[in-house]
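Student: I am sharing coords12.txt, which consists of compact mmCIF, C-alpha atoms:
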```
# COMPACT_ATOMS: atom_id res chain seq x y z
CA MET U 80 40.65 -83.43 -40.70
CA LYS U 81 38.79 -86.25 -38.97
CA ASN U 82 41.73 -88.62 -39.42
CA LEU U 83 44.13 -85.96 -38.20
CA PHE U 84 42.22 -85.53 -34.94
CA ARG U 85 41.89 -89.28 -34.52
CA ALA U 86 45.60 -89.84 -35.16
CA PHE U 87 46.53 -87.13 -32.65
CA ALA U 88 44.19 -88.53 -29.99
CA LEU U 89 45.48 -92.04 -30.64
CA SER U 90 49.10 -90.88 -30.39
CA LEU U 91 48.33 -89.25 -27.03
CA VAL U 92 46.74 -92.45 -25.76
CA VAL U 93 49.56 -94.70 -27.01
CA THR U 94 52.24 -92.39 -25.54
CA GLY U 95 50.38 -92.24 -22.23
CA ALA U 96 49.91 -96.00 -22.13
CA TYR U 97 53.58 -96.62 -22.93
CA ALA U 98 54.70 -94.09 -20.31
CA SER U 99 52.45 -95.60 -17.64
CA THR U 100 54.22 -98.95 -18.03
CA HIS U 101 57.52 -97.24 -17.12
CA THR U 102 56.23 -95.23 -14.18
CA ASN U 103 55.81 -97.67 -11.34
CA ASP U 104 59.08 -98.98 -10.07
CA ALA U 105 58.97 -100.24 -6.49
CA THR U 106 62.74 -99.92 -6.06
CA LYS U 107 62.70 -96.15 -6.61
CA PRO U 108 61.08 -93.38 -4.59
CA ALA U 109 57.72 -92.11 -5.82
CA THR U 110 58.19 -89.23 -8.21
CA HIS U 111 55.49 -87.09 -9.69
CA ALA U 112 55.13 -83.63 -11.16
CA LYS U 113 52.03 -81.54 -11.55
CA VAL U 114 51.64 -80.48 -15.18
CA SER U 115 52.99 -77.03 -14.55
CA ALA U 116 56.16 -74.98 -14.77
CA LEU U 117 56.32 -74.70 -10.98
CA PRO U 118 59.24 -76.56 -9.35
CA ILE U 119 58.33 -79.85 -7.66
CA PRO U 120 58.77 -80.02 -3.87
CA GLN U 121 60.09 -83.60 -3.52
CA CYS U 122 61.92 -83.22 -0.19
CA PRO U 123 60.22 -83.36 3.23
CA PRO U 124 58.86 -80.00 4.48
CA GLY U 125 61.66 -79.62 7.04
CA ASP U 126 64.40 -79.46 4.39
CA PRO U 127 66.81 -76.65 5.43
CA ASN U 128 67.72 -75.79 1.80
CA GLY U 129 64.11 -75.56 0.68
CA CYS U 130 64.74 -78.57 -1.62
CA ASN U 131 66.54 -76.21 -4.03
CA VAL U 132 63.23 -75.34 -5.65
CA CYS U 133 64.68 -71.95 -6.43
CA ALA U 134 67.54 -73.41 -8.50
CA PHE U 135 65.69 -73.10 -11.81
CA THR U 136 63.38 -70.22 -11.12
CA GLN U 137 65.89 -67.60 -9.97
CA CYS U 138 63.72 -66.84 -6.93
CA VAL U 139 65.27 -64.82 -4.13
CA VAL U 140 65.95 -66.68 -0.88
CA ASN U 141 66.62 -65.01 2.47
CA MET K 55 65.94 -72.86 -19.22
CA GLY K 56 65.22 -70.69 -16.19
CA THR K 57 63.72 -68.02 -18.45
CA ALA K 58 61.40 -70.58 -20.08
CA VAL K 59 60.23 -71.78 -16.66
CA VAL K 60 59.61 -68.22 -15.44
CA LEU K 61 57.86 -67.24 -18.68
CA THR K 62 55.50 -70.24 -18.75
CA SER K 63 54.82 -70.00 -15.01
CA TRP K 64 53.64 -66.39 -15.48
CA LEU K 65 51.75 -67.19 -18.68
CA GLU K 66 49.79 -70.04 -17.04
CA PRO K 67 47.67 -67.98 -14.60
CA LEU K 68 46.93 -65.45 -17.35
CA LEU K 69 45.68 -68.22 -19.65
CA CYS K 70 43.63 -69.68 -16.75
CA LEU K 71 42.00 -66.29 -16.21
CA ALA K 72 41.34 -65.93 -19.96
CA GLY K 73 39.78 -69.43 -20.00
CA LEU K 74 37.50 -68.58 -17.08
CA LEU K 75 36.38 -65.33 -18.73
CA LEU K 76 35.70 -67.15 -22.01
CA ILE K 77 33.52 -69.76 -20.24
CA VAL K 78 31.55 -66.93 -18.61
CA ARG K 79 31.26 -65.11 -21.97
CA ALA K 80 30.01 -68.33 -23.62
CA LYS K 81 27.37 -68.55 -20.82
CA GLN K 82 28.35 -72.16 -20.14
CA LEU K 83 29.43 -71.86 -16.54
CA ARG K 84 26.72 -74.26 -15.43
CA GLU K 85 27.53 -77.00 -17.96
CA TYR K 86 31.29 -76.71 -17.39
CA ARG K 87 31.25 -75.90 -13.66
CA TYR K 88 33.94 -78.45 -12.73
CA PHE K 89 36.10 -77.23 -15.59
CA ALA K 90 35.69 -73.65 -14.36
CA ALA K 91 36.44 -74.80 -10.78
CA LEU K 92 39.62 -76.53 -12.01
CA LEU K 93 40.75 -73.34 -13.76
CA ALA K 94 39.91 -71.28 -10.67
CA VAL K 95 41.90 -73.63 -8.38
CA ARG K 96 44.86 -73.53 -10.78
CA LEU K 97 44.68 -69.76 -10.96
CA LEU K 98 44.55 -69.44 -7.18
CA SER K 99 47.31 -72.00 -6.54
CA ASP K 100 49.54 -70.41 -9.21
CA ALA K 101 49.01 -66.98 -7.69
CA VAL K 102 49.83 -68.21 -4.17
CA LEU K 103 52.77 -70.45 -5.12
CA GLU K 104 54.34 -67.94 -7.48
CA THR K 105 53.99 -65.18 -4.91
CA LEU K 106 55.80 -67.48 -2.47
CA LEU K 107 58.48 -68.33 -5.04
CA TYR K 108 59.24 -64.92 -6.44
CA ARG K 109 58.09 -62.56 -3.71
CA HIS K 110 58.72 -64.41 -0.45
CA LYS K 111 61.55 -62.00 0.36
CA PHE K 112 58.93 -59.30 0.79
CA LEU K 113 56.85 -61.60 3.02
CA HIS K 114 59.84 -61.86 5.43
CA LEU K 115 59.91 -65.69 5.34
CA THR K 116 62.95 -67.87 5.98
CA VAL K 117 63.80 -70.63 3.49
CA LYS K 118 62.38 -73.23 5.87
CA GLN K 119 59.09 -71.36 6.40
CA PHE K 120 58.84 -70.69 2.68
CA TYR K 121 59.41 -74.34 1.81
CA VAL K 122 56.83 -75.66 4.33
CA LEU K 123 54.18 -73.34 2.85
CA TYR K 124 55.24 -74.18 -0.69
CA PHE K 125 55.23 -77.95 -0.03
CA TYR K 126 51.72 -78.06 1.44
CA GLY K 127 50.37 -75.51 -1.05
CA TYR K 128 51.72 -77.47 -4.02
CA TRP K 129 50.49 -80.92 -2.95
CA THR K 130 47.14 -79.70 -1.62
CA SER K 131 46.38 -77.93 -4.89
CA ASP K 132 47.54 -81.01 -6.81
CA ALA K 133 45.17 -83.26 -4.80
CA ILE K 134 42.23 -80.84 -5.27
CA GLU K 135 42.97 -80.70 -9.00
CA ALA K 136 43.06 -84.50 -9.20
CA ILE K 137 39.65 -84.76 -7.49
CA LEU K 138 38.20 -81.98 -9.65
CA GLY K 139 39.67 -83.78 -12.66
CA PHE K 140 37.55 -86.86 -11.83
CA PHE K 141 34.40 -84.74 -11.60
CA MET K 142 35.36 -82.96 -14.81
CA ILE K 143 35.70 -86.25 -16.73
CA LEU K 144 32.36 -87.29 -15.28
CA SER K 145 30.64 -84.07 -16.37
CA ILE K 146 32.16 -84.21 -19.86
CA PHE K 147 31.00 -87.80 -20.21
CA ARG K 148 27.47 -86.79 -19.14
CA LEU K 149 27.41 -83.90 -21.61
CA ALA K 150 28.67 -86.12 -24.42
CA MET K 151 26.17 -88.89 -23.68
CA ALA K 152 23.13 -86.62 -23.19
CA PRO K 153 21.30 -87.95 -26.31
CA LEU K 154 21.75 -91.56 -25.12
CA PRO K 155 20.43 -91.54 -21.51
CA GLY K 156 20.54 -95.32 -21.14
CA LEU K 157 24.22 -95.55 -22.00
CA GLU K 158 24.88 -92.49 -19.85
CA LYS K 159 23.31 -94.29 -16.87
CA LEU K 160 25.40 -97.41 -17.52
CA GLY K 161 28.58 -95.36 -18.01
CA MET K 162 28.00 -93.45 -14.79
CA ILE K 163 27.72 -96.67 -12.77
CA MET K 164 30.98 -97.93 -14.28
CA PHE K 165 32.68 -94.58 -13.82
CA ARG K 166 31.67 -94.34 -10.15
CA TRP K 167 33.13 -97.78 -9.53
CA ALA K 168 36.34 -96.85 -11.37
CA GLY K 169 36.58 -93.60 -9.36
CA THR K 170 36.02 -95.37 -6.03
CA ILE K 171 38.60 -98.03 -6.86
CA SER K 172 41.08 -95.32 -7.94
CA VAL K 173 40.73 -93.47 -4.62
CA ALA K 174 41.00 -96.72 -2.63
CA LEU K 175 44.08 -97.72 -4.67
CA ALA K 176 45.70 -94.31 -4.16
CA ILE K 177 45.24 -94.53 -0.38
CA THR K 178 46.45 -98.16 -0.27
CA ILE K 179 49.55 -97.41 -2.35
CA GLY K 180 50.26 -94.44 -0.06
CA PHE K 181 50.79 -96.93 2.80
CA GLY K 182 54.02 -98.56 1.62
CA PRO K 183 57.13 -99.68 3.54
CA HIS K 184 59.09 -96.84 5.21
CA VAL K 185 56.35 -94.34 4.40
CA THR K 186 56.29 -91.12 6.39
CA SER K 187 53.29 -88.80 6.58
CA ASN K 188 54.83 -86.54 3.91
CA SER K 189 55.68 -89.31 1.49
CA PHE K 190 52.18 -90.71 2.10
CA ILE K 191 50.75 -87.42 0.79
CA THR K 192 52.99 -87.35 -2.30
CA ARG K 193 52.52 -91.07 -3.10
CA SER K 194 48.73 -90.91 -2.72
CA VAL K 195 48.41 -87.75 -4.80
CA MET K 196 50.74 -89.22 -7.43
CA GLN K 197 48.67 -92.38 -7.70
CA LEU K 198 45.42 -90.42 -7.81
CA GLN K 199 46.76 -88.19 -10.59
CA GLN K 200 47.97 -91.17 -12.59
CA THR K 201 44.70 -93.10 -12.41
CA GLN K 202 42.88 -89.90 -13.31
CA SER K 203 45.22 -89.50 -16.32
CA VAL K 204 44.47 -93.05 -17.47
CA LEU K 205 40.72 -92.45 -17.12
CA THR K 206 41.07 -89.17 -19.04
CA LEU K 207 42.82 -90.90 -21.92
CA CYS K 208 40.11 -93.59 -21.99
CA MET K 209 37.47 -90.87 -22.19
CA LEU K 210 39.35 -89.00 -24.94
CA LEU K 211 39.51 -92.20 -26.96
CA PHE K 212 35.80 -92.79 -26.45
CA VAL K 213 34.78 -89.19 -27.34
CA CYS K 214 37.07 -89.21 -30.38
CA PHE K 215 35.80 -92.45 -31.88
CA ALA K 216 32.14 -92.25 -30.82
CA ILE K 217 31.75 -88.59 -31.79
CA HIS K 218 29.32 -89.21 -34.66
CA PRO K 219 26.66 -91.26 -32.75
CA MET K 220 26.64 -88.51 -30.10
CA GLY K 221 25.87 -85.79 -32.68
CA LEU K 222 29.13 -83.94 -32.00
CA SER K 223 31.85 -82.65 -34.29
CA TYR K 224 35.56 -82.00 -33.81
CA ARG K 225 34.71 -78.31 -33.35
CA SER K 226 32.49 -79.10 -30.35
CA ARG K 227 33.63 -77.81 -26.98
CA ILE K 228 33.14 -81.25 -25.46
CA PHE K 229 35.82 -82.57 -27.81
CA GLY K 230 38.04 -79.52 -27.22
CA VAL K 231 37.93 -79.94 -23.45
CA SER K 232 38.62 -83.69 -23.79
CA LEU K 233 41.55 -83.00 -26.12
CA GLY K 234 43.09 -80.51 -23.69
CA LEU K 235 42.65 -82.98 -20.84
CA GLY K 236 44.27 -85.66 -23.00
CA VAL K 237 47.36 -83.48 -23.61
CA MET K 238 47.60 -82.86 -19.86
CA ALA K 239 47.15 -86.53 -19.00
CA THR K 240 49.82 -87.67 -21.49
CA THR K 241 52.27 -85.06 -20.21
CA ASP K 242 51.54 -86.17 -16.65
CA LEU K 243 52.27 -89.83 -17.45
CA VAL K 244 55.36 -89.06 -19.56
CA THR K 245 56.94 -86.75 -16.96
CA ALA K 246 56.14 -89.25 -14.18
CA ALA K 247 57.89 -92.02 -16.16
CA TRP K 248 60.79 -89.73 -16.99
CA LEU K 249 61.26 -88.59 -13.40
CA ALA K 250 61.09 -92.17 -12.14
CA HIS K 251 64.21 -92.95 -14.19
CA SER K 252 66.01 -89.58 -14.12
CA PRO K 253 65.06 -87.51 -11.06
CA ASN K 254 67.85 -85.04 -11.94
CA MET K 255 65.78 -83.95 -14.95
CA LEU K 256 63.45 -81.89 -12.76
CA SER K 257 64.26 -78.68 -14.59
CA ILE K 258 63.45 -80.11 -18.04
CA SER K 259 60.22 -81.60 -16.70
CA SER K 260 59.27 -78.11 -15.46
CA VAL K 261 59.83 -76.70 -18.96
CA ILE K 262 57.81 -79.53 -20.56
CA GLY K 263 55.07 -79.14 -17.92
CA GLY K 264 54.97 -75.38 -18.51
CA ILE K 265 54.76 -75.70 -22.30
CA SER K 266 52.16 -78.48 -22.03
CA ILE K 267 49.85 -76.58 -19.67
CA CYS K 268 50.11 -73.44 -21.81
CA LEU K 269 49.25 -75.53 -24.91
CA THR K 270 46.31 -77.12 -23.07
CA LEU K 271 44.97 -73.77 -21.87
CA THR K 272 45.37 -72.35 -25.39
CA ILE K 273 43.36 -75.26 -26.87
CA TRP K 274 40.58 -74.67 -24.32
CA GLY K 275 40.67 -70.92 -24.92
CA VAL K 276 40.39 -71.33 -28.71
CA TYR K 277 37.46 -73.77 -28.40
CA PHE K 278 35.58 -71.41 -26.06
CA ALA K 279 36.45 -68.29 -28.08
CA LEU K 280 35.14 -69.73 -31.36
CA PRO K 281 31.40 -70.27 -31.88
CA GLU K 282 30.34 -73.86 -31.26
CA PRO K 283 28.43 -75.69 -34.02
CA GLU K 284 24.93 -76.89 -33.13
CA ARG K 285 24.62 -80.48 -32.04
CA ARG K 286 23.38 -82.55 -34.99
CA MET K 287 20.20 -84.59 -34.87
CA ILE K 288 21.27 -88.19 -34.47
CA MET K 289 20.09 -90.74 -37.04
CA LEU K 290 21.12 -94.19 -35.98
CA PRO K 291 20.20 -97.40 -37.81
CA THR K 292 18.03 -99.69 -35.71
CA THR K 293 20.84 -102.23 -35.85
CA SER K 294 23.34 -99.77 -34.33
CA PRO K 295 24.93 -101.16 -31.15
CA PHE K 296 24.65 -97.68 -29.61
CA PHE K 297 20.87 -97.75 -30.15
CA GLN K 298 20.47 -101.33 -28.95
CA TRP K 299 22.60 -100.91 -25.84
CA ASN K 300 20.91 -97.62 -25.03
CA ARG K 301 17.49 -99.34 -25.05
CA ILE K 302 18.76 -102.17 -22.86
CA SER K 303 20.46 -99.79 -20.44
CA GLU K 304 17.38 -97.59 -20.09
CA VAL K 305 15.48 -100.32 -18.28
CA LEU K 306 18.39 -101.39 -16.07
CA GLY K 307 17.70 -100.72 -12.41
CA ASP K 308 13.94 -100.20 -12.86
CA ALA K 309 11.61 -101.61 -10.18
CA PRO K 310 10.54 -105.10 -11.36
CA GLY K 311 6.96 -106.36 -11.84
CA TYR K 312 5.78 -109.44 -9.88
CA VAL K 313 4.01 -112.58 -11.12
CA ALA K 314 2.03 -114.98 -8.86
CA ILE K 315 3.31 -118.52 -9.26
CA GLY K 316 1.34 -121.60 -8.18
CA GLU K 317 -2.27 -122.00 -7.05
CA VAL K 318 -4.15 -118.79 -6.21
CA THR K 319 -7.21 -119.01 -3.96
CA LEU K 320 -9.88 -116.35 -3.48
CA ASP K 321 -9.08 -115.76 0.17
CA MET K 322 -5.67 -114.38 -0.90
CA PHE K 323 -7.35 -111.27 -2.32
CA ALA K 324 -8.73 -108.26 -0.48
CA PRO K 325 -12.53 -107.68 -0.73
CA ALA K 326 -11.99 -104.60 -2.91
CA GLU K 327 -9.84 -106.60 -5.36
CA LEU K 328 -12.52 -109.29 -5.54
CA GLU K 329 -15.17 -106.64 -6.25
CA VAL K 330 -13.09 -105.18 -9.11
CA MET K 331 -12.62 -108.63 -10.60
CA ARG K 332 -16.37 -109.42 -10.26
CA ARG K 333 -17.34 -106.20 -12.06
CA ALA K 334 -14.77 -106.78 -14.81
CA SER K 335 -16.08 -110.30 -15.21
CA ASN K 336 -19.70 -109.08 -15.53
CA LYS K 337 -18.66 -106.88 -18.48
CA MET K 338 -17.28 -109.87 -20.37
CA ASP K 339 -19.44 -111.75 -22.91
CA THR K 340 -19.21 -114.89 -20.84
CA PRO K 341 -18.72 -113.93 -17.18
CA LEU K 342 -16.32 -116.08 -15.18
CA SER K 343 -17.91 -118.38 -12.67
CA ALA K 344 -17.20 -117.61 -8.99
```
What does the file become when written as structure tokens?

Tutor:
Amino acid sequence: MKNLFRAFALSLVVTGAYASTHTNDATKPATHAKVSALPIPQCPPGDPNGCNVCAFTQCVVN
Amino acid sequence: MGTAVVLTSWLEPLLCLAGLLLIVRAKQLREYRYFAALLAVRLLSDAVLETLLYRHKFLHLTVKQFYVLYFYGYWTSDAIEAILGFFMILSIFRLAMAPLPGLEKLGMIMFRWAGTISVALAITIGFGPHVTSNSFITRSVMQLQQTQSVLTLCMLLFVCFAIHPMGLSYRSRIFGVSLGLGVMATTDLVTAAWLAHSPNMLSISSVIGGISICLTLTIWGVYFALPEPERRMIMLPTTSPFFQWNRISEVLGDAPGYVAIGEVTLDMFAPAELEVMRRASNKMDTPLSA
């Protein structure tokens, strides 16, 4: 049980460390998502299409 | 995919509410106040953002008005959660290190420095070339979340491998909360890396984010629903580095004592001090000569 927990924690850390080396790329725009199912508002607030946040959530737009 | 997003986005606030109620039932609101605050902020932000997403037609909002509210609501809640996340890591570390106050003191100093540097770094990175006020917000919050994720994973590693000297077990709530935070932190870093290379994968990242947060909230719920084992009495060998470093750290920062160096003459002392020394000298077998 102890080893199982340790292996899981270690796998999380290794995955996170590996992912963090691939995150920062100065040539691309900053991209980030809150750990949530909510769609990510990446466009500026004045976007006339509402950044298509409704595309995957089937929300109703006026 | 849309159904999975909708399902997890509705399940999340319910699990947040269940988590909050379980903390209250366990009578540990004081110990886990930042954790409870994080759940409350998530619950509130989910309620507001989901109402905007699914019910904005009834609020008589145009797409533009809806998106402005959604944008600021999303990133503000994300920034508050990142800051609360720092305080949560700090409080979990303090709870875990309670039996070793010296190491706790040392860890807190290091953690405060790491936190300050993280905030400074997030603000500095926010000011990049061609940065507008909106991209400044998203870049700063992104950086803050990522440094918080790295710190979370460091703490998970520490709690997991130093669990025995702290008298904890894998059924302890301190470990459960750290584990849940670790799952969240890893998901945060993985989705950030994924989105940096494939921004068109936003929908899949929403599904992964939804599943991950539901898994995290379930882990927390299970740990708070089950009875927590008592903290064991710690028996450390005198050669243990935890014991040694704790003793060293306990005296760090204490006010120092002072020693007079060089020749000391009588006129350097106050009359009362001289009187005390004279009386002490009289009590000795061979009194000191004046």

Student: Could you pull the residues within 6 Å of segment 124-129 of chain U, counting all atoms listed in the file, minus those fewer than 5 positions along the same chain, as number ranges by chain?

Tutor: K: 117-118, 121-122

Student: When you get a sec, could you note down which chain K residues fall within 6 Å of chain U, using all atoms listed in the file, as a PDB file with C-alpha atoms, keeping the file's coordinate frame?

Tutor:
```
ATOM      1  CA  GLY K  56      65.220 -70.690 -16.190  1.00  0.00           C
ATOM      2  CA  VAL K  59      60.230 -71.780 -16.660  1.00  0.00           C
ATOM      3  CA  SER K  63      54.820 -70.000 -15.010  1.00  0.00           C
ATOM      4  CA  LEU K 107      58.480 -68.330  -5.040  1.00  0.00           C
ATOM      5  CA  TYR K 108      59.240 -64.920  -6.440  1.00  0.00           C
ATOM      6  CA  THR K 116      62.950 -67.870   5.980  1.00  0.00           C
ATOM      7  CA  VAL K 117      63.800 -70.630   3.490  1.00  0.00           C
ATOM      8  CA  LYS K 118      62.380 -73.230   5.870  1.00  0.00           C
ATOM      9  CA  TYR K 121      59.410 -74.340   1.810  1.00  0.00           C
ATOM     10  CA  VAL K 122      56.830 -75.660   4.330  1.00  0.00           C
ATOM     11  CA  PHE K 125      55.230 -77.950  -0.030  1.00  0.00           C
ATOM     12  CA  ARG K 193      52.520 -91.070  -3.100  1.00  0.00           C
ATOM     13  CA  MET K 196      50.740 -89.220  -7.430  1.00  0.00           C
ATOM     14  CA  LEU K 207      42.820 -90.900 -21.920  1.00  0.00           C
ATOM     15  CA  THR K 240      49.820 -87.670 -21.490  1.00  0.00           C
ATOM     16  CA  ASP K 242      51.540 -86.170 -16.650  1.00  0.00           C
ATOM     17  CA  LEU K 243      52.270 -89.830 -17.450  1.00  0.00           C
ATOM     18  CA  VAL K 244      55.360 -89.060 -19.560  1.00  0.00           C
ATOM     19  CA  ALA K 246      56.140 -89.250 -14.180  1.00  0.00           C
ATOM     20  CA  ALA K 247      57.890 -92.020 -16.160  1.00  0.00           C
ATOM     21  CA  ALA K 250      61.090 -92.170 -12.140  1.00  0.00           C
ATOM     22  CA  SER K 260      59.270 -78.110 -15.460  1.00  0.00           C
ATOM     23  CA  VAL K 261      59.830 -76.700 -18.960  1.00  0.00           C
ATOM     24  CA  GLY K 263      55.070 -79.140 -17.920  1.00  0.00           C
ATOM     25  CA  GLY K 264      54.970 -75.380 -18.510  1.00  0.00           C
TER      26      GLY K 264
END
```

Student: Considering all atoms listed in the file, return as an mmCIF file with C-alpha atoms, in the frame of the given file whatever protein or nucleic-acid residues lie within 12 Å of Leu75 of chain K, sequence-local ones (same chain, fewer than 5 positions apart) excluded.

Tutor:
```
data_model
loop_
_atom_site.group_PDB
_atom_site.id
_atom_site.type_symbol
_atom_site.label_atom_id
_atom_site.label_comp_id
_atom_site.auth_asym_id
_atom_site.auth_seq_id
_atom_site.Cartn_x
_atom_site.Cartn_y
_atom_site.Cartn_z
ATOM 1 C CA LEU K 68 46.930 -65.450 -17.350
ATOM 2 C CA LEU K 69 45.680 -68.220 -19.650
ATOM 3 C CA CYS K 70 43.630 -69.680 -16.750
ATOM 4 C CA ALA K 80 30.010 -68.330 -23.620
ATOM 5 C CA LYS K 81 27.370 -68.550 -20.820
ATOM 6 C CA GLN K 82 28.350 -72.160 -20.140
ATOM 7 C CA LEU K 83 29.430 -71.860 -16.540
ATOM 8 C CA ALA K 90 35.690 -73.650 -14.360
ATOM 9 C CA LEU K 93 40.750 -73.340 -13.760
ATOM 10 C CA ALA K 94 39.910 -71.280 -10.670
ATOM 11 C CA TRP K 274 40.580 -74.670 -24.320
ATOM 12 C CA GLY K 275 40.670 -70.920 -24.920
ATOM 13 C CA PHE K 278 35.580 -71.410 -26.060
ATOM 14 C CA ALA K 279 36.450 -68.290 -28.080
#
```

Student: So the first atom is atom CA of Asn82 of chain U and the second is atom CA of Arg227 of chain K; what is the distance between them in Å, to one decimal place?

Tutor: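 Between these atoms lies a distance of 18.4 Å.
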
Student: Looking at only C-alpha atoms, which of K:Met322, K:Leu92, K:Ala176, K:Met289 is the one that sits closest to Leu198 of chain K?

Tutor: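 Of all the options, K:Ala176 lies closest to Leu198 of chain K.
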
Student: Could you work out how far atom CA of Leu144 of chain K lies from atom CA of Arg96 of chain K, giving the answer in Å with one decimal?

Tutor: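 Interatomic distance, atom CA of Arg96 of chain K to atom CA of Leu144 of chain K: 19.1 Å.
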
Student: How about completing segment 76-88 of chain K with N, CA and C atoms and giving it to me as an mmCIF file, in the coordinates of the input?

Tutor:
```cif
data_model
loop_
_atom_site.group_PDB
_atom_site.id
_atom_site.type_symbol
_atom_site.label_atom_id
_atom_site.label_comp_id
_atom_site.auth_asym_id
_atom_site.auth_seq_id
_atom_site.Cartn_x
_atom_site.Cartn_y
_atom_site.Cartn_z
ATOM 1 N N LEU K 76 36.334 -66.654 -20.778
ATOM 2 C CA LEU K 76 35.700 -67.150 -22.010
ATOM 3 C C LEU K 76 34.527 -68.088 -21.705
ATOM 4 N N ILE K 77 34.640 -68.877 -20.628
ATOM 5 C CA ILE K 77 33.520 -69.760 -20.240
ATOM 6 C C ILE K 77 32.331 -68.889 -19.818
ATOM 7 N N VAL K 78 32.628 -67.832 -19.052
ATOM 8 C CA VAL K 78 31.550 -66.930 -18.610
ATOM 9 C C VAL K 78 30.925 -66.241 -19.818
ATOM 10 N N ARG K 79 31.769 -65.794 -20.762
ATOM 11 C CA ARG K 79 31.260 -65.110 -21.970
ATOM 12 C C ARG K 79 30.393 -66.050 -22.804
ATOM 13 N N ALA K 80 30.783 -67.343 -22.849
ATOM 14 C CA ALA K 80 30.010 -68.330 -23.620
ATOM 15 C C ALA K 80 28.726 -68.757 -22.882
ATOM 16 N N LYS K 81 28.531 -68.235 -21.669
ATOM 17 C CA LYS K 81 27.370 -68.550 -20.820
ATOM 18 C C LYS K 81 27.232 -70.064 -20.609
ATOM 19 N N GLN K 82 28.370 -70.714 -20.351
ATOM 20 C CA GLN K 82 28.350 -72.160 -20.140
ATOM 21 C C GLN K 82 28.971 -72.540 -18.798
ATOM 22 N N LEU K 83 28.860 -71.616 -17.867
ATOM 23 C CA LEU K 83 29.430 -71.860 -16.540
ATOM 24 C C LEU K 83 28.752 -73.035 -15.855
ATOM 25 N N ARG K 84 27.467 -73.184 -16.078
ATOM 26 C CA ARG K 84 26.720 -74.260 -15.430
ATOM 27 C C ARG K 84 27.095 -75.639 -16.003
ATOM 28 N N GLU K 85 27.173 -75.726 -17.327
ATOM 29 C CA GLU K 85 27.530 -77.000 -17.960
ATOM 30 C C GLU K 85 28.973 -77.423 -17.627
ATOM 31 N N TYR K 86 29.858 -76.413 -17.604
ATOM 32 C CA TYR K 86 31.290 -76.710 -17.390
ATOM 33 C C TYR K 86 31.737 -76.215 -16.016
ATOM 34 N N ARG K 87 30.911 -76.442 -14.978
ATOM 35 C CA ARG K 87 31.250 -75.900 -13.660
ATOM 36 C C ARG K 87 32.511 -76.523 -13.060
ATOM 37 N N TYR K 88 32.731 -77.825 -13.281
ATOM 38 C CA TYR K 88 33.940 -78.450 -12.730
ATOM 39 C C TYR K 88 35.184 -77.977 -13.480
#
```
